[in-house]
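Peer 1: Take this structure first; my questions come after.
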Amino acid sequence: MRMLNFNGGPGALPIPVLEEAARDMLDWRGTGMSVMENSHRAKDVIAMAAEAEADLRSILGLGEEWAVIFCQGGASLQFAMVVLNFAGPGGRCDYINTGMWSTKAYKEARICGANPRLAATSESDDFNHIPEVFDFDPEAKYVHITANNTVRGTQYRRYPKTPTPLMADMSSEFLSRPVEMDRFSLVYAGAQKNVGPAGVTIVALRRELADRARLDVPSMLSYPIYIKNESMYNTPPVWSIYVAGLTFKWLKNTIGGLQAVAELNRVKAETLYQALDQSGGFYLGTARPDSRSHMNVTFHLPSQELNDRFKKEAKAAGMDGLGGHRSVGGLRASLYNAVTLDDVNKLVEFMREFQRTQG
Ligand SMILES: Cc1ncc(COP(=O)(O)O)c(C=O)c1O
């Protein structure tokens, strides 16, 4: 039986994408082997990666001033790459701390020898909202934000205006809504939420920024090396890029792009938040309403015992991945692009029935 998948990441992928990948498994494009068994230097594989990049560019509306690269090492490696390429030893850089992943990014900057500072943080409020007041350093090399906080269930409704280049970890909201790319100099996202399998991290950065990257950086951590070698300096994660490419086509051709998917995501999230708000305090949301994420809905029940029973019974009813991140506990429903409104309605129905019998 196929489960309704509310995992925080790796998360749900579109069924047509999984079906096409399954059809291609033994014989991809008539090569008599799967895509991941082909050489990454084969012309079909190079064409496949180029097509994935072109589709992504068209979805995001990226012109030639942007470079798009496929990295490995997850979003976590980007925490270090951003610093090594653009701050360097003692380099000043600003971070907005909105939860566990921003904290990790900030700490990584220290580990890499830079001089990061916090331009804002919501830590004293248990990261329940996105700050609105910032103290930016005009001399910083960049400002780093986490666009959507997977663990805390908060999300920027508007990205901040910054005096220095804005760089964003978009892992858990990438391709879920239109993005004002002119605000940004660099964005990155691990694939395993809205895009495809873990193993590839997508980075879009302005070429003029890449031209100013530091050169005292190991090859596999250097943005200019990825750009120069079209992400094939070493063996790239071909399978992950291939599935990402299928997802881009699905998003473009079946869903209709970012505006369309954003509307679907808004309705899904509002349906679930409404269910929380109308439960008379049985289901308690953890994010402040003005900062609520459309991707990760975090909530809890009046007791740990009820949280545990909820997860267990939801799983028995065919709904998986509803546990909160292990660092905070509680419950979380992740509503990535491949989760349908019908899936959310089923979850809400289950929640009402659970409250009726256990509340
Ligand atoms: C916002 C955010 N940033 C970074 C990460 C870490 O990603 P990775 O496991 O690809 O390093 C995650 C993982 O869930 C995340 O949600």
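Within each chain, counting starts at residue 1; across the structure tokens, chains are named A, B, ... in the order shown, with ligands numbered 1 upward in that order.
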Residues of chain A that have any atom at most 7 Å from an atom of ligand 1: could you tabulate them with the shortest-distance atom pair and the distance in Å to one decimal, using only C-alpha atoms and all ligand atoms, ordered by chain and increasing number, as CSV?

Peer 2:
residue,atom,partner,partner_atom_place_in_ligand_line,distance
A:Gly8,CA,ligand 1,14 (O),6.8
A:Gly9,CA,ligand 1,14 (O),5.7
A:Gly73,CA,ligand 1,11 (O),6.4
A:Gly74,CA,ligand 1,10 (O),3.3
A:Ala75,CA,ligand 1,11 (O),3.9
A:Ser76,CA,ligand 1,11 (O),3.6
A:Leu77,CA,ligand 1,11 (O),6.4
A:Trp101,CA,ligand 1,3 (N),5.1
A:Thr146,CA,ligand 1,1 (C),6.0
A:Asn148,CA,ligand 1,1 (C),6.0
A:Asn149,CA,ligand 1,1 (C),5.4
A:Thr150,CA,ligand 1,16 (O),4.7
A:Val151,CA,ligand 1,16 (O),7.0
A:Asp169,CA,ligand 1,3 (N),6.0
A:Met170,CA,ligand 1,1 (C),6.3
A:Ser171,CA,ligand 1,1 (C),4.9
A:Ser172,CA,ligand 1,16 (O),5.2
A:Gly190,CA,ligand 1,10 (O),4.5
A:Ala198,CA,ligand 1,10 (O),6.7

Peer 1: I'd like the neighbourhood of Phe248 (chain A) as a VMD selection string, where a residue qualifies if any of its atoms comes within 9 Å (using only C-alpha atoms), though same-chain residues fewer than 3 positions away should be ignored.

Peer 2: chain A and resid 52 55 to 56 59 195 243 to 245 251 to 253 257

Peer 1: Please produce a file of the residues just selected, as a PDB file, in the first residue's frame, where the atoms kept are C-alpha atoms.

Peer 2:
ATOM      1  CA  ALA A  52      17.270  19.709 -16.305  1.00  0.00           C
ATOM      2  CA  ASP A  55      13.885  23.581 -17.253  1.00  0.00           C
ATOM      3  CA  LEU A  56      14.930  24.865 -13.842  1.00  0.00           C
ATOM      4  CA  ILE A  59      10.746  27.743 -13.937  1.00  0.00           C
ATOM      5  CA  VAL A 195      12.866  18.310  -6.115  1.00  0.00           C
ATOM      6  CA  VAL A 243      14.911  12.565 -11.087  1.00  0.00           C
ATOM      7  CA  ALA A 244      15.142  16.313 -10.378  1.00  0.00           C
ATOM      8  CA  GLY A 245      14.813  16.862 -14.144  1.00  0.00           C
ATOM      9  CA  LEU A 251       6.131  21.156 -12.190  1.00  0.00           C
ATOM     10  CA  LYS A 252       6.251  23.038 -15.497  1.00  0.00           C
ATOM     11  CA  ASN A 253       3.926  20.954 -17.630  1.00  0.00           C
ATOM     12  CA  GLY A 257       4.822  26.480 -12.696  1.00  0.00           C
TER      13      GLY A 257
END

Peer 1: In terms of the shortest atom-to-atom distance over only C-alpha atoms, which of A:Val203, A:Leu264, A:Val143, A:Ala316 is closest to Met1 (chain A)?

Peer 2: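 The shortest atom-to-atom distance to Met1 (chain A) comes from A:Ala316.
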
Peer 1: Tell me which protein, DNA and RNA residues are within 9 Å of region 94-98 of chain A, counting only C-alpha atoms, leaving out same-chain ones fewer than 3 positions away, and put them as a PyMOL selection string.

Peer 2: chain A and resi 101-103+105-106+115-123+127-131+134-137+140-146+148-149+152+154

Peer 1: Please list as a PDB file with N, CA, C and O atoms, in the first residue's frame every residue within 10 Å of region 348-355 of chain A, counting only C-alpha atoms and excluding residues in the same chain fewer than 5 positions away.

Peer 2:
ATOM      1  N   THR A 271      -5.863  24.925   4.800  1.00  0.00           N
ATOM      2  CA  THR A 271      -6.790  23.866   5.211  1.00  0.00           C
ATOM      3  C   THR A 271      -6.323  23.247   6.526  1.00  0.00           C
ATOM      4  O   THR A 271      -7.119  23.036   7.456  1.00  0.00           O
ATOM      5  N   LEU A 272      -5.038  22.994   6.615  1.00  0.00           N
ATOM      6  CA  LEU A 272      -4.527  22.345   7.826  1.00  0.00           C
ATOM      7  C   LEU A 272      -4.481  23.317   9.015  1.00  0.00           C
ATOM      8  O   LEU A 272      -4.868  22.959  10.139  1.00  0.00           O
ATOM      9  N   TYR A 273      -4.045  24.553   8.766  1.00  0.00           N
ATOM     10  CA  TYR A 273      -4.007  25.523   9.876  1.00  0.00           C
ATOM     11  C   TYR A 273      -5.422  25.792  10.410  1.00  0.00           C
ATOM     12  O   TYR A 273      -5.620  25.949  11.614  1.00  0.00           O
ATOM     13  N   GLN A 274      -6.376  25.814   9.492  1.00  0.00           N
ATOM     14  CA  GLN A 274      -7.755  26.025   9.921  1.00  0.00           C
ATOM     15  C   GLN A 274      -8.198  24.882  10.838  1.00  0.00           C
ATOM     16  O   GLN A 274      -8.855  25.103  11.855  1.00  0.00           O
ATOM     17  N   ALA A 275      -7.806  23.676  10.481  1.00  0.00           N
ATOM     18  CA  ALA A 275      -8.164  22.518  11.316  1.00  0.00           C
ATOM     19  C   ALA A 275      -7.543  22.661  12.711  1.00  0.00           C
ATOM     20  O   ALA A 275      -8.182  22.354  13.728  1.00  0.00           O
ATOM     21  N   LEU A 276      -6.301  23.151  12.787  1.00  0.00           N
ATOM     22  CA  LEU A 276      -5.667  23.361  14.101  1.00  0.00           C
ATOM     23  C   LEU A 276      -6.451  24.425  14.875  1.00  0.00           C
ATOM     24  O   LEU A 276      -6.816  24.228  16.041  1.00  0.00           O
ATOM     25  N   SER A 279      -9.801  23.547  16.462  1.00  0.00           N
ATOM     26  CA  SER A 279      -9.866  22.328  17.289  1.00  0.00           C
ATOM     27  C   SER A 279     -10.073  22.653  18.765  1.00  0.00           C
ATOM     28  O   SER A 279      -9.984  21.760  19.612  1.00  0.00           O
ATOM     29  N   PHE A 282      -7.114  21.641  21.041  1.00  0.00           N
ATOM     30  CA  PHE A 282      -6.655  20.238  21.090  1.00  0.00           C
ATOM     31  C   PHE A 282      -5.379  20.091  20.271  1.00  0.00           C
ATOM     32  O   PHE A 282      -4.387  19.519  20.729  1.00  0.00           O
ATOM     33  N   TYR A 283      -5.391  20.657  19.063  1.00  0.00           N
ATOM     34  CA  TYR A 283      -4.172  20.709  18.240  1.00  0.00           C
ATOM     35  C   TYR A 283      -3.614  22.124  18.342  1.00  0.00           C
ATOM     36  O   TYR A 283      -4.281  23.080  17.937  1.00  0.00           O
ATOM     37  N   LEU A 301      -0.144  17.998  20.558  1.00  0.00           N
ATOM     38  CA  LEU A 301      -1.361  17.668  21.298  1.00  0.00           C
ATOM     39  C   LEU A 301      -1.123  17.969  22.771  1.00  0.00           C
ATOM     40  O   LEU A 301       0.004  18.268  23.173  1.00  0.00           O
ATOM     41  N   LEU A 306      -0.415  11.533  23.923  1.00  0.00           N
ATOM     42  CA  LEU A 306      -1.340  11.718  22.792  1.00  0.00           C
ATOM     43  C   LEU A 306      -0.579  11.926  21.478  1.00  0.00           C
ATOM     44  O   LEU A 306      -0.984  11.410  20.436  1.00  0.00           O
ATOM     45  N   ARG A 309       0.415   8.517  20.383  1.00  0.00           N
ATOM     46  CA  ARG A 309      -0.720   7.728  19.904  1.00  0.00           C
ATOM     47  C   ARG A 309      -1.185   8.241  18.528  1.00  0.00           C
ATOM     48  O   ARG A 309      -1.540   7.471  17.645  1.00  0.00           O
ATOM     49  N   PHE A 310      -1.141   9.561  18.373  1.00  0.00           N
ATOM     50  CA  PHE A 310      -1.540  10.170  17.094  1.00  0.00           C
ATOM     51  C   PHE A 310      -0.671   9.622  15.954  1.00  0.00           C
ATOM     52  O   PHE A 310      -1.180   9.184  14.917  1.00  0.00           O
ATOM     53  N   GLU A 313      -1.452   5.867  15.309  1.00  0.00           N
ATOM     54  CA  GLU A 313      -2.752   5.600  14.659  1.00  0.00           C
ATOM     55  C   GLU A 313      -2.796   6.177  13.244  1.00  0.00           C
ATOM     56  O   GLU A 313      -3.413   5.600  12.353  1.00  0.00           O
ATOM     57  N   ALA A 314      -2.111   7.322  13.054  1.00  0.00           N
ATOM     58  CA  ALA A 314      -2.057   7.897  11.699  1.00  0.00           C
ATOM     59  C   ALA A 314      -1.346   6.908  10.776  1.00  0.00           C
ATOM     60  O   ALA A 314      -1.776   6.667   9.644  1.00  0.00           O
ATOM     61  N   ALA A 317      -3.419   4.231   9.753  1.00  0.00           N
ATOM     62  CA  ALA A 317      -4.443   4.686   8.787  1.00  0.00           C
ATOM     63  C   ALA A 317      -3.814   5.066   7.443  1.00  0.00           C
ATOM     64  O   ALA A 317      -4.498   5.620   6.575  1.00  0.00           O
ATOM     65  N   MET A 319      -0.933   7.107   6.950  1.00  0.00           N
ATOM     66  CA  MET A 319      -0.293   8.432   6.876  1.00  0.00           C
ATOM     67  C   MET A 319       1.005   8.412   7.660  1.00  0.00           C
ATOM     68  O   MET A 319       0.993   8.174   8.869  1.00  0.00           O
ATOM     69  N   ASP A 342      -6.034  16.583  -1.611  1.00  0.00           N
ATOM     70  CA  ASP A 342      -6.782  15.401  -1.196  1.00  0.00           C
ATOM     71  C   ASP A 342      -6.069  14.709  -0.015  1.00  0.00           C
ATOM     72  O   ASP A 342      -6.711  14.282   0.950  1.00  0.00           O
ATOM     73  N   ASP A 343      -4.743  14.626  -0.086  1.00  0.00           N
ATOM     74  CA  ASP A 343      -3.964  14.036   1.022  1.00  0.00           C
ATOM     75  C   ASP A 343      -4.209  14.837   2.308  1.00  0.00           C
ATOM     76  O   ASP A 343      -4.394  14.274   3.388  1.00  0.00           O
TER      77      ASP A 343
END

Peer 1: Give me, please, the distance in Å between CA of Ser240 (chain A) and CA of Pro16 (chain A), quoted to one decimal.

Peer 2: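 Going from CA of Ser240 (chain A) over to CA of Pro16 (chain A), I get 16.0 Å.
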
Peer 1: Which distance in Å separates CA of Val261 (chain A) and CA of Gly196 (chain A), to one decimal?

Peer 2: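 Going from CA of Val261 (chain A) over to CA of Gly196 (chain A) covers 16.2 Å.
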
Peer 1: How many Å separate CA of Leu60 (chain A) from CA of Ser39 (chain A)?

Peer 2: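 Atom-to-atom, CA of Leu60 (chain A) and CA of Ser39 (chain A) are spaced 28.9 Å apart.
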
Peer 1: As number ranges by chain, please: all residues of region 213-332 of chain A that backbone DSSP puts in strand (DSSP E).

Peer 2: A: 284-285, 296-300, 319-320, 331-332
